[in-house]
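Below: protein_38.csv (CSV, C-alpha atoms)
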chain,number,residue,atom,x,y,z
A,185,MET,CA,27.1,-40.1,10.7
A,186,LYS,CA,26.5,-43.7,11.0
A,187,LEU,CA,27.7,-46.4,8.6
A,188,SER,CA,26.3,-49.9,8.0
A,189,LEU,CA,27.3,-52.6,5.6
A,190,THR,CA,24.8,-54.9,3.9
A,191,ARG,CA,25.6,-58.2,2.3
A,192,ARG,CA,23.1,-60.2,0.2
A,193,TYR,CA,22.9,-64.0,0.1
A,194,MET,CA,20.6,-66.3,-1.9
A,195,PHE,CA,19.3,-69.7,-1.0
A,196,PRO,CA,16.5,-71.8,-2.4
A,197,ALA,CA,14.4,-73.7,0.0
A,198,SER,CA,11.0,-75.3,0.4
A,199,HIS,CA,8.3,-74.8,3.0
A,200,ARG,CA,4.7,-75.3,3.8
A,201,LEU,CA,2.5,-73.1,5.9
A,202,PHE,CA,0.0,-75.0,8.0
A,203,ARG,CA,-0.8,-75.9,11.6
A,204,SER,CA,-1.5,-79.5,12.6
A,205,ASP,CA,-3.9,-78.4,15.3
A,206,TRP,CA,-6.2,-76.7,12.7
A,207,SER,CA,-8.5,-78.5,10.3
A,208,GLU,CA,-7.6,-78.7,6.7
A,209,GLU,CA,-10.4,-76.3,5.9
A,210,VAL,CA,-9.1,-73.6,8.3
A,211,ASN,CA,-5.5,-74.1,7.1
A,212,ARG,CA,-6.8,-73.7,3.5
A,213,ARG,CA,-8.7,-70.5,4.5
A,214,ILE,CA,-5.8,-68.9,6.4
A,215,PHE,CA,-2.8,-70.0,4.4
A,216,GLY,CA,-4.3,-70.6,0.9
A,217,LYS,CA,-2.1,-72.4,-1.5
A,218,CYS,CA,0.8,-72.1,0.9
A,219,ALA,CA,-0.9,-75.0,2.8
A,220,ASN,CA,-0.7,-77.4,-0.1
A,221,PRO,CA,0.4,-80.7,1.5
A,222,HIS,CA,3.7,-81.3,-0.3
A,223,GLY,CA,5.1,-77.8,0.1
A,224,HIS,CA,6.6,-75.4,-2.4
A,225,GLY,CA,9.7,-73.3,-2.6
A,226,HIS,CA,11.3,-69.9,-3.1
A,227,ASN,CA,14.6,-68.4,-4.0
A,228,TYR,CA,15.1,-66.5,-0.8
A,229,ALA,CA,17.4,-63.4,-0.9
A,230,VAL,CA,18.7,-62.5,2.6
A,231,GLU,CA,20.2,-59.1,3.3
A,232,ILE,CA,22.3,-59.0,6.5
A,233,THR,CA,23.1,-55.5,7.7
A,234,VAL,CA,26.1,-55.0,10.1
A,235,THR,CA,26.9,-51.8,11.9
A,236,GLY,CA,29.9,-50.8,14.0
A,237,ALA,CA,33.1,-48.9,14.0
A,238,VAL,CA,35.4,-49.0,11.0
A,239,ASP,CA,38.8,-50.6,11.9
A,240,PRO,CA,41.3,-48.0,10.5
A,241,ALA,CA,43.8,-50.8,9.8
A,242,THR,CA,41.5,-52.6,7.4
A,243,GLY,CA,38.9,-50.0,6.5
A,244,MET,CA,36.2,-52.5,7.4
A,245,ILE,CA,33.3,-52.8,9.8
A,246,VAL,CA,33.6,-56.5,9.3
A,247,ASN,CA,35.8,-58.6,7.1
A,248,LEU,CA,33.6,-59.9,4.3
A,249,ALA,CA,35.3,-63.3,4.2
A,250,GLU,CA,34.6,-63.7,7.9
A,251,LEU,CA,31.0,-62.6,7.6
A,252,ASP,CA,30.5,-64.9,4.6
A,253,ALA,CA,31.9,-67.9,6.5
A,254,PHE,CA,29.9,-67.0,9.6
A,255,VAL,CA,26.6,-66.8,7.6
A,256,GLN,CA,27.5,-69.9,5.7
A,257,ALA,CA,28.2,-71.9,8.9
A,258,ARG,CA,25.3,-70.6,11.0
A,259,VAL,CA,22.6,-70.4,8.3
A,260,LEU,CA,23.3,-71.4,4.7
A,261,ASP,CA,24.8,-74.9,5.4
A,262,GLU,CA,21.5,-75.9,6.9
A,263,PHE,CA,19.0,-73.7,5.0
A,264,ASP,CA,20.3,-74.0,1.4
A,265,HIS,CA,18.3,-76.5,-0.7
A,266,ALA,CA,16.5,-77.6,2.4
A,267,ASN,CA,12.9,-78.2,3.5
A,268,LEU,CA,12.5,-75.6,6.2
A,269,ASN,CA,9.7,-77.4,8.0
A,270,GLU,CA,11.5,-80.7,8.2
A,271,GLN,CA,15.1,-79.9,8.4
A,272,VAL,CA,15.5,-76.7,10.4
A,273,PRO,CA,14.8,-77.4,14.1
A,274,GLU,CA,13.4,-74.0,14.9
A,275,PHE,CA,10.5,-74.7,12.6
A,276,ARG,CA,9.4,-77.9,14.2
A,277,ASP,CA,6.9,-75.9,16.3
A,278,CYS,CA,6.9,-72.7,14.4
A,279,ILE,CA,5.3,-71.8,11.0
A,280,PRO,CA,8.1,-71.0,8.5
A,281,THR,CA,6.6,-67.8,7.3
A,282,THR,CA,9.2,-65.3,6.1
A,283,GLU,CA,8.5,-63.2,9.2
A,284,ASN,CA,9.6,-66.1,11.4
A,285,LEU,CA,12.5,-66.8,9.0
A,286,CYS,CA,13.8,-63.3,9.6
A,287,ARG,CA,13.7,-63.8,13.4
A,288,VAL,CA,15.3,-67.2,13.3
A,289,ILE,CA,18.2,-66.1,11.1
A,290,PHE,CA,18.7,-63.0,13.3
A,291,GLU,CA,18.9,-65.2,16.4
A,292,ARG,CA,21.3,-67.6,14.7
A,293,LEU,CA,23.7,-64.8,13.8
A,294,ARG,CA,24.2,-63.6,17.3
A,295,GLY,CA,27.9,-63.5,18.4
A,296,LEU,CA,29.5,-62.1,15.3
A,297,GLU,CA,33.1,-61.2,16.4
A,298,ARG,CA,33.3,-57.7,14.8
A,299,GLY,CA,30.3,-55.5,14.2
A,300,ARG,CA,26.7,-56.0,15.2
A,301,ILE,CA,23.9,-57.4,13.1
A,302,GLU,CA,21.4,-54.6,12.9
A,303,ARG,CA,18.8,-56.0,10.5
A,304,VAL,CA,17.8,-59.1,8.6
A,305,ARG,CA,15.8,-58.4,5.5
A,306,ILE,CA,14.4,-61.3,3.3
A,307,GLU,CA,12.9,-61.2,-0.1
A,308,GLU,CA,10.7,-64.2,-0.5
A,309,THR,CA,9.7,-63.2,-4.0
A,310,ALA,CA,10.2,-60.1,-6.0
A,311,LYS,CA,6.9,-58.8,-4.6
A,312,ASN,CA,7.2,-59.8,-0.9
A,313,SER,CA,9.9,-58.7,1.5
A,314,PHE,CA,10.2,-58.8,5.3
A,315,GLU,CA,12.6,-57.5,7.8
A,316,TYR,CA,13.6,-57.8,11.4
A,317,VAL,CA,15.4,-54.9,13.0
A,318,ALA,CA,17.4,-55.3,16.2
A,319,GLU,CA,16.4,-53.5,19.4
A,320,ARG,CA,18.6,-50.5,19.9
A,321,ALA,CA,22.0,-51.7,21.2
A,322,PRO,CA,23.9,-50.1,24.1
A,323,ALA,CA,25.9,-47.1,23.0
A,324,ARG,CA,29.2,-48.9,23.2
A,325,GLU,CA,28.2,-51.5,20.7
A,326,SER,CA,26.7,-49.2,18.1
A,327,ALA,CA,29.6,-46.7,18.2
A,328,PRO,CA,29.3,-44.6,15.0
A,329,TYR,CA,32.1,-44.1,12.6
A,330,GLU,CA,34.4,-41.5,13.9
A,331,PHE,CA,36.4,-39.3,11.6
A,332,GLN,CA,40.0,-39.0,12.5
A,333,GLU,CA,40.2,-35.4,11.3
A,334,GLU,CA,38.1,-32.3,11.9
A,335,HIS,CA,34.4,-33.1,11.4
A,336,THR,CA,31.3,-33.0,13.5
B,253,MET,CA,9.2,-34.1,5.2
B,254,ILE,CA,9.9,-35.3,1.6
B,255,LYS,CA,12.9,-37.3,0.4
B,256,LEU,CA,14.4,-37.2,-3.0
B,257,THR,CA,16.9,-39.8,-4.3
B,258,ARG,CA,19.3,-39.4,-7.2
B,259,LYS,CA,21.2,-42.4,-8.5
B,260,LEU,CA,24.5,-42.4,-10.4
B,261,GLU,CA,27.1,-44.9,-11.4
B,262,PHE,CA,30.9,-44.7,-11.6
B,263,SER,CA,33.5,-47.2,-12.4
B,264,ALA,CA,36.8,-47.3,-10.5
B,265,ALA,CA,39.8,-49.4,-9.7
B,266,HIS,CA,41.2,-50.2,-6.3
B,267,PHE,CA,43.2,-52.7,-4.2
B,268,TYR,CA,43.6,-53.3,-0.4
B,269,HIS,CA,47.0,-53.1,1.1
B,270,ASN,CA,48.2,-52.0,4.5
B,271,PRO,CA,51.9,-51.2,4.6
B,272,LYS,CA,51.9,-51.9,8.4
B,273,PHE,CA,51.0,-55.6,7.7
B,274,SER,CA,53.4,-58.2,6.3
B,275,ALA,CA,52.8,-59.5,2.8
B,276,GLU,CA,51.4,-62.7,4.3
B,277,GLU,CA,49.0,-60.8,6.6
B,278,ASN,CA,47.9,-58.6,3.7
B,279,ARG,CA,47.1,-61.7,1.7
B,280,ARG,CA,45.3,-63.4,4.6
B,281,ILE,CA,43.2,-60.4,5.6
B,282,PHE,CA,42.4,-58.9,2.2
B,283,GLY,CA,42.4,-62.0,0.0
B,284,LYS,CA,42.1,-61.4,-3.7
B,285,CYS,CA,41.6,-57.7,-3.0
B,286,ASN,CA,45.3,-57.5,-2.1
B,287,ASN,CA,46.4,-58.1,-5.7
B,288,PRO,CA,48.7,-55.1,-6.3
B,289,HIS,CA,47.7,-54.7,-9.9
B,290,GLY,CA,44.2,-53.7,-8.7
B,291,HIS,CA,40.7,-54.6,-9.9
B,292,GLY,CA,37.6,-52.6,-10.4
B,293,HIS,CA,33.8,-52.3,-9.8
B,294,ASN,CA,30.8,-50.5,-11.2
B,295,TYR,CA,29.8,-48.5,-8.1
B,296,VAL,CA,26.2,-47.3,-7.8
B,297,LEU,CA,25.6,-44.4,-5.5
B,298,GLU,CA,22.2,-43.3,-4.3
B,299,VAL,CA,22.1,-39.9,-2.8
B,300,THR,CA,19.0,-39.0,-0.7
B,301,VAL,CA,18.1,-35.5,0.5
B,302,ALA,CA,15.2,-34.7,2.8
B,303,GLY,CA,13.4,-31.5,3.4
B,304,GLU,CA,10.3,-29.4,2.7
B,305,PRO,CA,9.6,-28.4,-0.9
B,306,ASP,CA,10.1,-24.7,-1.6
B,307,PRO,CA,6.5,-23.4,-2.1
B,308,GLU,CA,7.7,-21.3,-5.0
B,309,THR,CA,9.1,-24.2,-7.0
B,310,GLY,CA,7.7,-27.3,-5.4
B,311,MET,CA,11.3,-28.6,-5.1
B,312,ILE,CA,13.5,-29.6,-2.1
B,313,LEU,CA,16.4,-28.5,-4.2
B,314,ASP,CA,16.9,-27.8,-7.8
B,315,LEU,CA,17.8,-31.2,-9.5
B,316,ASN,CA,20.1,-29.4,-11.9
B,317,GLU,CA,22.1,-28.1,-9.0
B,318,LEU,CA,22.2,-31.5,-7.5
B,319,LYS,CA,23.3,-33.0,-10.8
B,320,GLU,CA,26.0,-30.4,-11.1
B,321,ILE,CA,27.3,-31.2,-7.6
B,322,LEU,CA,27.3,-34.9,-8.3
B,323,GLU,CA,29.1,-34.5,-11.6
B,324,ARG,CA,31.8,-32.2,-10.2
B,325,GLU,CA,32.3,-34.0,-6.8
B,326,VAL,CA,31.7,-37.6,-7.7
B,327,MET,CA,31.9,-38.3,-11.4
B,328,VAL,CA,35.0,-36.0,-12.1
B,329,ARG,CA,36.8,-37.2,-9.0
B,330,PHE,CA,35.9,-40.9,-8.9
B,331,ASP,CA,34.7,-42.2,-12.3
B,332,HIS,CA,37.3,-44.1,-14.2
B,333,ARG,CA,39.9,-43.4,-11.5
B,334,HIS,CA,42.1,-45.5,-9.3
B,335,LEU,CA,40.8,-44.9,-5.8
B,336,ASN,CA,44.1,-45.6,-4.0
B,337,ARG,CA,46.1,-43.3,-6.3
B,338,ASP,CA,43.7,-40.7,-7.8
B,339,VAL,CA,41.6,-39.7,-4.8
B,340,PRO,CA,43.6,-37.9,-2.2
B,341,GLU,CA,41.0,-38.4,0.6
B,342,LEU,CA,41.6,-42.2,0.3
B,343,ALA,CA,45.4,-42.1,-0.1
B,344,ASP,CA,46.1,-43.2,3.4
B,345,LYS,CA,43.0,-45.4,3.8
B,346,ILE,CA,42.0,-48.9,2.7
B,347,PRO,CA,39.4,-48.0,0.0
B,348,THR,CA,36.7,-50.3,1.1
B,349,CYS,CA,33.1,-49.6,0.4
B,350,GLU,CA,32.8,-48.3,4.1
B,351,GLU,CA,35.7,-45.8,3.6
B,352,ILE,CA,34.6,-44.7,0.2
B,353,ALA,CA,31.0,-44.1,1.5
B,354,ALA,CA,32.4,-42.1,4.4
B,355,VAL,CA,34.5,-39.9,2.1
B,356,LEU,CA,31.5,-39.4,-0.2
B,357,TRP,CA,29.3,-38.5,2.7
B,358,ARG,CA,31.7,-35.9,3.9
B,359,ILE,CA,32.1,-34.3,0.5
B,360,LEU,CA,28.4,-34.3,-0.4
B,361,GLU,CA,27.2,-33.1,3.0
B,362,SER,CA,29.4,-29.9,2.7
B,363,ARG,CA,28.3,-29.2,-0.8
B,364,ILE,CA,24.6,-30.2,-0.7
B,365,ASP,CA,23.4,-28.9,2.7
B,366,PRO,CA,24.0,-25.2,1.8
B,367,LYS,CA,21.9,-25.7,-1.4
B,368,ILE,CA,18.8,-26.8,0.5
B,369,ARG,CA,16.6,-24.1,1.9
B,370,ASP,CA,14.7,-26.3,4.4
B,371,GLY,CA,16.3,-29.7,4.7
B,372,ARG,CA,19.6,-31.5,4.2
B,373,LEU,CA,21.5,-34.5,3.0
B,374,ASP,CA,19.7,-37.5,4.6
B,375,HIS,CA,21.6,-40.6,3.6
B,376,ILE,CA,23.7,-42.2,0.9
B,377,ARG,CA,23.9,-45.8,-0.2
B,378,LEU,CA,27.0,-47.1,-2.1
B,379,TYR,CA,26.7,-50.4,-4.0
B,380,GLU,CA,30.0,-52.1,-4.8
B,381,SER,CA,28.1,-54.9,-6.4
B,382,PRO,CA,24.4,-56.1,-6.2
B,383,ASP,CA,25.2,-58.2,-3.2
B,384,LEU,CA,27.3,-55.6,-1.2
B,385,PHE,CA,26.4,-52.1,-0.2
B,386,VAL,CA,27.1,-49.6,2.6
B,387,ASP,CA,24.6,-47.1,4.0
B,388,CYS,CA,25.7,-43.8,5.5
B,389,ALA,CA,23.2,-41.8,7.4
B,390,ARG,CA,23.2,-39.0,9.9
B,391,ASN,CA,23.8,-40.0,13.5
B,392,GLY,CA,20.7,-41.1,15.3
B,393,ARG,CA,19.0,-42.6,12.3
Rewrite the coordinates I just gave you, this time as structure tokens.
Amino acid sequence: MKLSLTRRYMFPASHRLFRSDWSEEVNRRIFGKCANPHGHGHNYAVEITVTGAVDPATGMIVNLAELDAFVQARVLDEFDHANLNEQVPEFRDCIPTTENLCRVIFERLRGLERGRIERVRIEETAKNSFEYVAERAPARESAPYEFQEEHT
Amino acid sequence: MIKLTRKLEFSAAHFYHNPKFSAEENRRIFGKCNNPHGHGHNYVLEVTVAGEPDPETGMILDLNELKEILEREVMVRFDHRHLNRDVPELADKIPTCEEIAAVLWRILESRIDPKIRDGRLDHIRLYESPDLFVDCARNGR
């Protein structure tokens, strides 16, 4: 069996979907009201899924306090109450759709000390959600939970 | 293949403490969860079985049988219990969401699989709170 832990974070932010190399009319047709010039916002809910072996000394795949601090420093400090287009460097040349947001957050979370980020799922609204799933990792990194007693 | 999910809720107390660590280490690693008086959660468990419906009944397994297993194996053993003290499978473990899910998987797999004619337990998800949950699935999923 394989265990994974998911932690959910919230952050409100604003964005605008548009391309400066397209006419206003094309932006309007493709992005609709998301292209409104002054932007708009969402309460984003981000689910970070971590997989890996459970440390028998702590019972944990990853220490939640460490995961929270890591996500706070790598993502939330910059994304929370921010304008994604203007304040997050990755979106200078990239449209801040929630598809791209999943990928950007996944990339920022590389290098977690314990465990491996397997999935980033974002709810943009109660109706829309998106997810980015990591490529399958080498066997060593994705070691499944092993029972200490008899069990197969 | 069809999947069926049953959801249940149980309330339990726990605390985190490893006797091999010093008091200071326990406090640093486990934070508030190290409080020896314990604290509690309303756990929500989702149990998903997967299989082919029996052509005679249209069911993967009889829901009443599943409900009985969950009552006997989860509610009676975990609901309104102290996980460190009342659940023998967790006695020598730190009862994190990961460890509880692993114990539940092990219990439920052995009870549910024999009741399914053409299928088996697929995965379980254990919520400790709305912003923290653990998934437990068969290897290779």
task = Can you work out which one of A:Val255, A:Ala249, A:Cys218, A:Val317 has the shortest atom-to-atom distance to chain B, counting all atoms listed in the file?
result =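 The shortest atom-to-atom distance to chain B comes from A:Ala249.
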request  = Dig up all the protein and nucleic acid residues within 9 Å of (40.8, -49.1, -7.4) in the file frame, using only C-alpha atoms, and format them as a ChimeraX atom specification.
outcome  = /B:264-268,290-293,333-338,347
key: At most 6 Å to chain A: residues in chain B, all atoms listed in the file, as a PyMOL selection string   = chain B and resi 346+348+383-391
key: Residues within 12 Å of (11.3, -64.0, 12.2), file coords, all atoms listed in the file, listed as number ranges by chain   = A: 274-275, 278-292, 303-306, 314-318
request  = Give me, please, the distance in Å between CA of Lys311 in chain A and CA of Gly225 in chain A, quoted to one decimal.
outcome  =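 These two atoms are separated by 14.9 Å.
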Separation of CA of Phe330 in chain B from CA of Phe262 in chain B, in Å and rounded to one decimal = 6.8 Å
How would range 205-235 of chain A read, as a tab-separated table (two decimals), keeping the file's coordinate frame, once N, CA and C atoms are built in?
chain	number	residue	atom	x	y	z
A	205	ASP	N	-2.78	-78.48	14.37
A	205	ASP	CA	-3.90	-78.40	15.30
A	205	ASP	C	-5.13	-77.71	14.66
A	206	TRP	N	-5.03	-77.33	13.39
A	206	TRP	CA	-6.20	-76.70	12.70
A	206	TRP	C	-6.68	-77.73	11.66
A	207	SER	N	-7.97	-77.61	11.34
A	207	SER	CA	-8.50	-78.50	10.30
A	207	SER	C	-7.96	-78.10	8.94
A	208	GLU	N	-8.10	-79.02	8.01
A	208	GLU	CA	-7.60	-78.70	6.70
A	208	GLU	C	-8.31	-77.51	6.09
A	209	GLU	N	-9.59	-77.39	6.44
A	209	GLU	CA	-10.40	-76.30	5.90
A	209	GLU	C	-9.87	-74.92	6.45
A	210	VAL	N	-9.58	-74.90	7.75
A	210	VAL	CA	-9.10	-73.60	8.30
A	210	VAL	C	-7.68	-73.33	7.78
A	211	ASN	N	-6.81	-74.34	7.67
A	211	ASN	CA	-5.50	-74.10	7.10
A	211	ASN	C	-5.63	-73.54	5.68
A	212	ARG	N	-6.54	-74.10	4.93
A	212	ARG	CA	-6.80	-73.70	3.50
A	212	ARG	C	-7.23	-72.21	3.52
A	213	ARG	N	-8.13	-71.87	4.46
A	213	ARG	CA	-8.70	-70.50	4.50
A	213	ARG	C	-7.60	-69.50	4.88
A	214	ILE	N	-6.79	-69.85	5.87
A	214	ILE	CA	-5.80	-68.90	6.40
A	214	ILE	C	-4.55	-68.84	5.47
A	215	PHE	N	-4.05	-70.01	5.07
A	215	PHE	CA	-2.80	-70.00	4.40
A	215	PHE	C	-2.90	-70.21	2.85
A	216	GLY	N	-4.11	-70.48	2.36
A	216	GLY	CA	-4.30	-70.60	0.90
A	216	GLY	C	-3.46	-71.68	0.30
A	217	LYS	N	-2.87	-71.39	-0.86
A	217	LYS	CA	-2.10	-72.40	-1.50
A	217	LYS	C	-0.80	-72.75	-0.84
A	218	CYS	N	-0.39	-71.86	0.09
A	218	CYS	CA	0.80	-72.10	0.90
A	218	CYS	C	0.62	-73.36	1.80
A	219	ALA	N	-0.65	-73.80	1.95
A	219	ALA	CA	-0.90	-75.00	2.80
A	219	ALA	C	-0.90	-76.27	1.98
A	220	ASN	N	-0.70	-76.20	0.68
A	220	ASN	CA	-0.70	-77.40	-0.10
A	220	ASN	C	0.25	-78.47	0.54
A	221	PRO	N	-0.21	-79.73	0.60
A	221	PRO	CA	0.40	-80.70	1.50
A	221	PRO	C	1.88	-81.01	1.23
A	222	HIS	N	2.32	-80.93	0.01
A	222	HIS	CA	3.70	-81.30	-0.30
A	222	HIS	C	4.69	-80.18	-0.26
A	223	GLY	N	4.20	-78.98	0.06
A	223	GLY	CA	5.10	-77.80	0.10
A	223	GLY	C	5.42	-77.22	-1.20
A	224	HIS	N	6.15	-76.14	-1.17
A	224	HIS	CA	6.60	-75.40	-2.40
A	224	HIS	C	7.85	-74.69	-2.01
A	225	GLY	N	8.45	-73.97	-2.96
A	225	GLY	CA	9.70	-73.30	-2.60
A	225	GLY	C	9.89	-71.93	-3.15
A	226	HIS	N	10.94	-71.29	-2.67
A	226	HIS	CA	11.30	-69.90	-3.10
A	226	HIS	C	12.79	-69.81	-3.24
A	227	ASN	N	13.20	-68.80	-4.02
A	227	ASN	CA	14.60	-68.40	-4.00
A	227	ASN	C	14.64	-67.22	-2.96
A	228	TYR	N	15.07	-67.51	-1.77
A	228	TYR	CA	15.10	-66.50	-0.80
A	228	TYR	C	16.38	-65.61	-0.97
A	229	ALA	N	16.21	-64.30	-0.90
A	229	ALA	CA	17.40	-63.40	-0.90
A	229	ALA	C	17.43	-62.77	0.50
A	230	VAL	N	18.54	-62.97	1.17
A	230	VAL	CA	18.70	-62.50	2.60
A	230	VAL	C	19.68	-61.37	2.61
A	231	GLU	N	19.28	-60.24	3.16
A	231	GLU	CA	20.20	-59.10	3.30
A	231	GLU	C	20.57	-59.03	4.83
A	232	ILE	N	21.86	-59.10	5.12
A	232	ILE	CA	22.30	-59.00	6.50
A	232	ILE	C	23.03	-57.64	6.63
A	233	THR	N	22.53	-56.82	7.54
A	233	THR	CA	23.10	-55.50	7.70
A	233	THR	C	23.92	-55.47	9.03
A	234	VAL	N	25.18	-55.05	8.91
A	234	VAL	CA	26.10	-55.00	10.10
A	234	VAL	C	26.52	-53.57	10.30
A	235	THR	N	26.47	-53.16	11.56
A	235	THR	CA	26.90	-51.80	11.90
A	235	THR	C	28.02	-51.89	12.92
